[in-house]
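structure-v2.csv follows (CSV, C-alpha atoms):
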chain,number,residue,atom,x,y,z
K,1,MET,CA,0.0,0.0,0.0
K,2,GLN,CA,1.4,3.4,-1.0
K,3,ASP,CA,1.9,6.0,1.7
K,4,SER,CA,0.6,9.5,1.2
K,5,HIS,CA,4.0,10.8,0.1
K,6,THR,CA,4.4,8.1,-2.6
K,7,SER,CA,0.9,8.7,-3.8
K,8,GLU,CA,1.5,12.5,-4.1
K,9,THR,CA,4.7,11.9,-6.0
K,10,THR,CA,3.0,9.5,-8.4
K,11,GLN,CA,0.2,12.0,-9.1
K,12,LYS,CA,2.8,14.7,-9.7
K,13,THR,CA,4.7,12.4,-12.1
K,14,ILE,CA,1.6,11.7,-14.1
K,15,GLU,CA,0.8,15.4,-14.3
K,16,GLU,CA,4.3,16.4,-15.2
K,17,THR,CA,4.5,13.7,-17.9
K,18,ILE,CA,1.3,14.8,-19.5
K,19,VAL,CA,2.2,18.5,-19.4
K,20,SER,CA,5.7,17.7,-20.8
K,21,GLY,CA,4.1,15.8,-23.6
K,22,ILE,CA,2.0,18.9,-24.5
K,23,LEU,CA,4.9,21.3,-24.2
K,24,SER,CA,6.9,19.1,-26.7
K,25,ALA,CA,3.8,18.9,-29.0
K,26,ARG,CA,3.7,15.1,-28.7
K,27,ILE,CA,0.2,15.2,-27.1
K,28,ARG,CA,-2.4,17.0,-29.3
K,29,PRO,CA,-5.6,18.9,-28.3
K,30,GLY,CA,-8.5,16.5,-27.9
K,31,THR,CA,-6.3,13.5,-27.1
K,32,ARG,CA,-8.2,11.0,-25.0
K,33,LEU,CA,-6.4,10.0,-21.8
K,34,SER,CA,-7.6,6.6,-20.7
K,35,GLU,CA,-7.6,6.0,-16.9
K,36,ASN,CA,-7.0,2.3,-17.5
K,37,GLN,CA,-4.1,2.8,-19.8
K,38,LEU,CA,-2.4,5.4,-17.6
K,39,ALA,CA,-2.9,3.2,-14.5
K,40,THR,CA,-1.1,0.4,-16.4
K,41,LEU,CA,1.7,2.6,-17.7
K,42,PHE,CA,2.4,4.1,-14.3
K,43,GLY,CA,1.7,1.0,-12.2
K,44,VAL,CA,-0.9,2.7,-10.0
K,45,SER,CA,-4.6,2.4,-9.4
K,46,ARG,CA,-7.3,4.2,-11.4
K,47,THR,CA,-8.0,6.2,-8.3
K,48,ARG,CA,-4.5,7.7,-8.4
K,49,VAL,CA,-4.8,8.5,-12.1
K,50,ARG,CA,-8.2,10.1,-11.5
K,51,GLU,CA,-6.8,12.3,-8.7
K,52,ALA,CA,-4.0,13.4,-11.1
K,53,MET,CA,-6.5,14.1,-13.8
K,54,MET,CA,-8.7,16.2,-11.5
K,55,ARG,CA,-5.7,18.3,-10.6
K,56,LEU,CA,-4.9,18.8,-14.3
K,57,GLU,CA,-8.5,19.8,-14.8
K,58,THR,CA,-8.1,22.6,-12.3
K,59,ARG,CA,-5.0,23.7,-14.2
K,60,GLY,CA,-7.0,24.0,-17.4
K,61,ILE,CA,-5.1,21.2,-19.1
K,62,VAL,CA,-7.7,18.5,-19.4
K,63,HIS,CA,-11.5,18.1,-19.1
K,64,VAL,CA,-13.8,15.2,-18.4
K,65,SER,CA,-16.6,14.2,-20.7
K,66,PRO,CA,-19.5,12.2,-19.0
K,67,ARG,CA,-19.3,8.5,-19.9
K,68,ARG,CA,-16.4,9.1,-22.3
K,69,GLY,CA,-13.5,10.0,-20.1
K,70,TRP,CA,-10.7,12.5,-19.9
K,71,PHE,CA,-9.5,14.6,-22.8
K,72,VAL,CA,-6.8,17.2,-23.4
K,73,VAL,CA,-8.5,20.5,-23.8
K,74,GLU,CA,-9.2,22.2,-27.1
K,75,PRO,CA,-9.1,25.9,-26.3
K,76,SER,CA,-11.8,28.0,-27.9
K,77,ALA,CA,-10.9,31.3,-29.7
K,78,GLU,CA,-12.0,33.2,-26.6
K,79,GLU,CA,-9.9,31.1,-24.4
K,80,ALA,CA,-6.9,31.6,-26.7
K,81,ILE,CA,-7.3,35.4,-26.4
K,82,ALA,CA,-7.5,35.1,-22.6
K,83,VAL,CA,-4.4,33.0,-22.4
K,84,TYR,CA,-2.3,35.4,-24.4
K,85,GLU,CA,-3.6,38.3,-22.3
K,86,ALA,CA,-2.6,36.5,-19.1
K,87,ARG,CA,0.9,35.8,-20.6
K,88,ARG,CA,1.4,39.4,-21.5
K,89,VAL,CA,0.5,40.5,-18.0
K,90,ILE,CA,2.6,37.9,-16.2
K,91,GLU,CA,5.7,38.0,-18.4
K,92,ALA,CA,5.9,41.7,-18.8
K,93,GLY,CA,5.4,42.2,-15.0
K,94,LEU,CA,8.0,39.5,-14.3
K,95,LEU,CA,10.6,41.2,-16.5
K,96,ARG,CA,9.9,44.7,-15.0
K,97,SER,CA,10.4,43.3,-11.6
K,98,MET,CA,13.9,42.0,-12.4
K,99,ARG,CA,16.9,44.0,-11.5
K,100,VAL,CA,19.9,42.0,-12.7
K,101,LEU,CA,20.8,39.1,-15.0
K,102,THR,CA,23.3,36.9,-13.3
K,103,GLY,CA,26.2,35.3,-15.1
K,104,GLU,CA,24.6,31.9,-14.6
K,105,GLY,CA,21.3,33.3,-16.0
K,106,ARG,CA,23.1,34.8,-19.0
K,107,GLU,CA,24.8,31.5,-19.8
K,108,ALA,CA,21.5,29.5,-19.4
K,109,LEU,CA,19.6,31.8,-21.8
K,110,ASP,CA,22.5,32.0,-24.3
K,111,ALA,CA,22.8,28.2,-24.3
K,112,HIS,CA,19.0,27.9,-24.9
K,113,LEU,CA,19.1,30.3,-27.8
K,114,ASN,CA,21.9,28.2,-29.3
K,115,GLU,CA,19.7,25.1,-29.0
K,116,GLU,CA,17.0,27.0,-30.9
K,117,LYS,CA,19.4,27.7,-33.7
K,118,SER,CA,20.5,24.1,-33.8
K,119,ALA,CA,16.9,22.8,-33.9
K,120,MET,CA,16.1,25.3,-36.7
K,121,ALA,CA,19.1,24.1,-38.7
K,122,ALA,CA,18.0,20.5,-38.3
K,123,GLY,CA,14.4,21.3,-39.2
K,124,ASP,CA,13.3,19.6,-36.0
K,125,ARG,CA,9.9,21.2,-35.5
K,126,GLN,CA,8.9,19.2,-32.5
K,127,ARG,CA,12.1,20.1,-30.7
K,128,LEU,CA,11.6,23.8,-31.8
K,129,THR,CA,8.0,23.8,-30.4
K,130,TYR,CA,9.3,22.7,-27.0
K,131,LEU,CA,12.2,25.2,-27.1
K,132,MET,CA,10.1,28.2,-28.1
K,133,GLY,CA,7.9,27.7,-25.1
K,134,ASP,CA,10.7,26.7,-22.8
K,135,PHE,CA,12.5,30.0,-23.3
K,136,HIS,CA,9.8,31.9,-21.4
K,137,ILE,CA,9.7,29.3,-18.7
K,138,ARG,CA,13.5,29.7,-18.3
K,139,ILE,CA,13.1,33.4,-17.8
K,140,ALA,CA,10.5,32.7,-15.1
K,141,GLU,CA,12.9,30.3,-13.4
K,142,LEU,CA,15.5,33.1,-13.1
K,143,SER,CA,13.1,34.9,-10.8
K,144,GLY,CA,13.3,32.0,-8.3
K,145,ASN,CA,9.5,32.3,-7.8
K,146,ALA,CA,8.1,28.7,-8.0
K,147,ILE,CA,4.5,29.9,-8.2
K,148,ILE,CA,5.2,32.1,-11.3
K,149,VAL,CA,7.1,29.2,-12.9
K,150,ASP,CA,4.2,26.8,-12.4
K,151,ILE,CA,1.6,29.3,-13.7
K,152,LEU,CA,3.7,30.2,-16.8
K,153,ARG,CA,4.4,26.5,-17.5
K,154,ASP,CA,0.6,25.8,-17.6
K,155,LEU,CA,-0.1,28.9,-19.7
K,156,THR,CA,2.7,27.9,-22.1
K,157,ALA,CA,1.2,24.4,-22.4
K,158,ARG,CA,-2.1,25.9,-23.2
K,159,THR,CA,-0.4,28.2,-25.7
K,160,ILE,CA,1.0,25.2,-27.5
K,161,LEU,CA,-2.4,23.5,-27.7
K,162,ILE,CA,-3.7,26.8,-29.1
K,163,SER,CA,-1.0,26.9,-31.8
K,164,MET,CA,-1.7,23.3,-32.8
K,165,LEU,CA,-5.4,24.3,-33.4
K,166,TYR,CA,-5.1,27.8,-34.9
K,167,GLN,CA,-1.6,28.3,-36.2
K,168,SER,CA,-1.4,27.5,-40.0
K,169,GLU,CA,2.3,28.4,-40.3
K,170,PHE,CA,5.2,27.9,-38.0
K,171,HIS,CA,7.5,31.0,-38.0
K,172,ALA,CA,10.5,29.6,-36.0
K,173,ALA,CA,12.9,32.2,-37.2
K,174,GLN,CA,10.6,35.1,-36.3
K,175,SER,CA,10.1,33.7,-32.8
K,176,HIS,CA,13.8,33.1,-32.3
K,177,GLU,CA,14.6,36.7,-33.3
K,178,GLY,CA,12.0,37.9,-30.8
K,179,HIS,CA,13.7,35.8,-28.1
K,180,CYS,CA,17.1,37.2,-29.1
K,181,ARG,CA,15.9,40.8,-28.7
K,182,ILE,CA,14.5,40.1,-25.3
K,183,PHE,CA,17.8,38.5,-24.2
K,184,GLN,CA,19.8,41.4,-25.6
K,185,ALA,CA,17.7,43.9,-23.5
K,186,MET,CA,18.1,41.8,-20.4
K,187,GLN,CA,21.9,41.6,-21.0
K,188,ALA,CA,21.9,45.4,-21.2
K,189,GLY,CA,20.1,45.6,-17.9
K,190,ASP,CA,17.1,47.3,-19.6
K,191,PHE,CA,14.3,45.2,-18.1
K,192,GLY,CA,11.7,47.7,-19.0
K,193,ARG,CA,12.6,47.4,-22.6
K,194,ALA,CA,12.7,43.6,-22.3
K,195,ALA,CA,9.2,43.7,-20.9
K,196,GLU,CA,8.0,45.8,-23.9
K,197,LEU,CA,9.7,43.3,-26.3
K,198,SER,CA,8.1,40.4,-24.6
K,199,VAL,CA,4.7,42.0,-25.2
K,200,GLU,CA,5.5,42.7,-28.8
K,201,HIS,CA,6.7,39.1,-29.3
K,202,LEU,CA,3.5,37.6,-27.8
K,203,ASP,CA,1.5,40.1,-30.0
K,204,ASP,CA,3.3,38.8,-33.1
K,205,VAL,CA,2.6,35.2,-32.2
K,206,GLU,CA,-1.0,35.8,-31.4
K,207,MET,CA,-1.5,37.8,-34.6
K,208,GLY,CA,-0.2,34.7,-36.5
K,209,LEU,CA,-3.2,32.7,-35.3
K,210,ASP,CA,-6.3,32.2,-37.4
K,211,LEU,CA,-8.9,32.4,-34.6
K,212,THR,CA,-11.7,32.0,-37.1
K,213,ALA,CA,-10.8,28.4,-37.6
K,214,ARG,CA,-12.8,25.8,-35.7
K,215,PRO,CA,-11.2,22.5,-34.5
K,216,ASP,CA,-12.3,19.5,-36.6
K,217,PRO,CA,-13.5,16.7,-34.2
K,218,LEU,CA,-13.2,14.2,-37.0
K,219,SER,CA,-9.7,15.2,-38.1
K,220,GLU,CA,-8.0,11.9,-37.2
K,221,LEU,CA,-10.7,9.8,-38.9
K,222,ARG,CA,-10.8,12.1,-41.9
K,223,SER,CA,-7.0,11.7,-42.3
K,224,SER,CA,-7.3,7.9,-41.9
K,225,LEU,CA,-9.9,7.8,-44.7
K,226,SER,CA,-7.8,10.1,-46.9
K,227,LEU,CA,-10.6,12.7,-47.1
K,228,PRO,CA,-9.8,16.4,-47.7
K,229,PRO,CA,-9.5,18.7,-44.7
K,230,ARG,CA,-12.7,20.4,-43.5
K,231,THR,CA,-12.8,24.0,-44.8
K,232,VAL,CA,-15.7,25.3,-42.7
K,233,SER,CA,-14.7,28.2,-40.4
K,234,ALA,CA,-16.6,30.2,-37.8
K,235,THR,CA,-16.5,34.0,-37.4
K,236,VAL,CA,-15.6,34.1,-33.8
K,237,ARG,CA,-13.4,37.1,-34.1
K,238,PRO,CA,-11.4,38.6,-37.0
K,239,LYS,CA,-7.7,37.8,-37.2
K,240,ASN,CA,-6.8,41.5,-36.6
K,241,HIS,CA,-8.9,41.4,-33.3
K,242,LYS,CA,-6.0,43.1,-31.4
K,243,LEU,CA,-6.1,46.1,-33.7
K,244,GLN,CA,-9.8,46.5,-33.4
K,245,ARG,CA,-9.7,46.0,-29.7
K,246,SER,CA,-7.2,48.8,-29.2
K,247,ASN,CA,-9.2,51.4,-31.2
For this file, write the structure as structure tokens.
Amino acid sequence: MQDSHTSETTQKTIEETIVSGILSARIRPGTRLSENQLATLFGVSRTRVREAMMRLETRGIVHVSPRRGWFVVEPSAEEAIAVYEARRVIEAGLLRSMRVLTGEGREALDAHLNEEKSAMAAGDRQRLTYLMGDFHIRIAELSGNAIIVDILRDLTARTILISMLYQSEFHAAQSHEGHCRIFQAMQAGDFGRAAELSVEHLDDVEMGLDLTARPDPLSELRSSLSLPPRTVSATVRPKNHKLQRSN
């Protein structure tokens, strides 16, 4: 029988494994997460799996469908807008609160940007997806505030789910350049400018989303049957919603 500490550790492992799968784009929006299969994979009871899923539900990562089970969320266009708003507030506020970039922090971010370059050169999109999100988490880690790190990790996971649903093109070079500009401002000790650049960077990424597109619930079956992609879209909000909103 597992003691409470072991149970908590197991639940955390399940949660972290699922979030890591999303951050690296290996787990897609709408993926079904079977309690039975997860219990077998982790060698625990379904009760432990259910507890982990309930915690992920409160974090906005999964949801439960009656009589069908647990699924990775498929964020709506409205939720996508809210996630980016939250990220702008948190990341800009975090950078403005910073006073110095330590030598260790400088080395960590520089090494990370070199990893982005290597992944771009190799054309490794899955690795790039992970790295592009992880850059922002690494900056949060420099603050030493575990709460901010956890919040930003969850928001970044939800951002990646959003990109898989609404991003038609992957502009790795543009995102990398945005990261480099933020890093340069941090190196110069201009954290106010770094905050402004982080907002601009998130604006650019959000503007690259087609929030009029609606997720296709039959995409996997459609692909299996070699049927053409669905072309129906919904007018939730125009692509230039940020420009209209600021008028």
Mind giving me the straight-line distance from atom CA of K:Asp190 to atom CA of K:Ala157 in Å, one decimal?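 Those two atoms sit 28.0 Å apart.
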Could you make a table, as a Markdown table, of the residues of stretch 104-190 of chain K that have an atom within 10 Å of an atom of stretch 200-212 of chain K, each with its nearest atom pair and distance in Å to one decimal, counting all atoms listed in the file, in chain and number order?
| residue | atom | partner | partner_atom | distance |
| --- | --- | --- | --- | --- |
| K:Thr159 | CA | K:Glu206 | CA | 9.5 |
| K:Ile162 | CA | K:Leu209 | CA | 8.6 |
| K:Ser163 | CA | K:Leu209 | CA | 7.1 |
| K:Met164 | CA | K:Leu209 | CA | 9.8 |
| K:Leu165 | CA | K:Leu209 | CA | 8.9 |
| K:Tyr166 | CA | K:Asp210 | CA | 5.2 |
| K:Gln167 | CA | K:Leu209 | CA | 4.8 |
| K:Ser168 | CA | K:Leu209 | CA | 7.2 |
| K:Glu169 | CA | K:Gly208 | CA | 7.8 |
| K:Phe170 | CA | K:Gly208 | CA | 8.8 |
| K:His171 | CA | K:Gly208 | CA | 8.7 |
| K:Gln174 | CA | K:Asp204 | CA | 8.8 |
| K:Ser175 | CA | K:His201 | CA | 7.3 |
| K:His176 | CA | K:His201 | CA | 9.8 |
| K:Glu177 | CA | K:His201 | CA | 9.2 |
| K:Gly178 | CA | K:His201 | CA | 5.6 |
| K:His179 | CA | K:His201 | CA | 7.8 |
| K:Arg181 | CA | K:His201 | CA | 9.4 |
| K:Ile182 | CA | K:His201 | CA | 8.8 |
Residues near K:Lys117, anyone? I mean within 12 Å using all atoms listed in the file, not counting same-chain ones fewer than 6 positions away, as JSON, numbers by chain. {"K": [110, 111, 123, 124, 125, 127, 128, 131, 132, 172, 173, 174, 175, 176, 177, 179, 180]}
Can you tell me how far atom CA of K:Trp70 sits from atom CA of K:Leu33, in Å to one decimal? 5.3 Å
So how many Å separate atom CA of K:Gly133 and atom CA of K:Leu23, to one decimal? 7.1 Å
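Excluding stretch 83-100 of chain K itself and same-chain residues fewer than 4 positions from it, the residues having an atom within 6 Å of it are Phe191, Gly192, Ala195 and Val199 of chain K, counting all atoms listed in the file.
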Excluding K:Glu15 and any residue of its chain fewer than 4 positions from it, enumerate the residues within 7 Å of it, using only C-alpha atoms, and give them as a PyMOL selection string. chain K and resi 11+19+52+56
Next, dump the selected residues to file, keeping only C-alpha atoms, as a compact mmCIF listing (two decimals), in the coordinates of the input.
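File produced: out_34.txt:
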# COMPACT_ATOMS: atom_id res chain seq x y z
CA GLN K 11 0.20 12.00 -9.10
CA VAL K 19 2.20 18.50 -19.40
CA ALA K 52 -4.00 13.40 -11.10
CA LEU K 56 -4.90 18.80 -14.30
Residues near K:Arg68, anyone? I mean within 10 Å using all atoms listed in the file, not counting same-chain ones fewer than 3 positions away, as a list in words. Arg32, Ser34, Val64, Ser65 and Phe71 of chain K
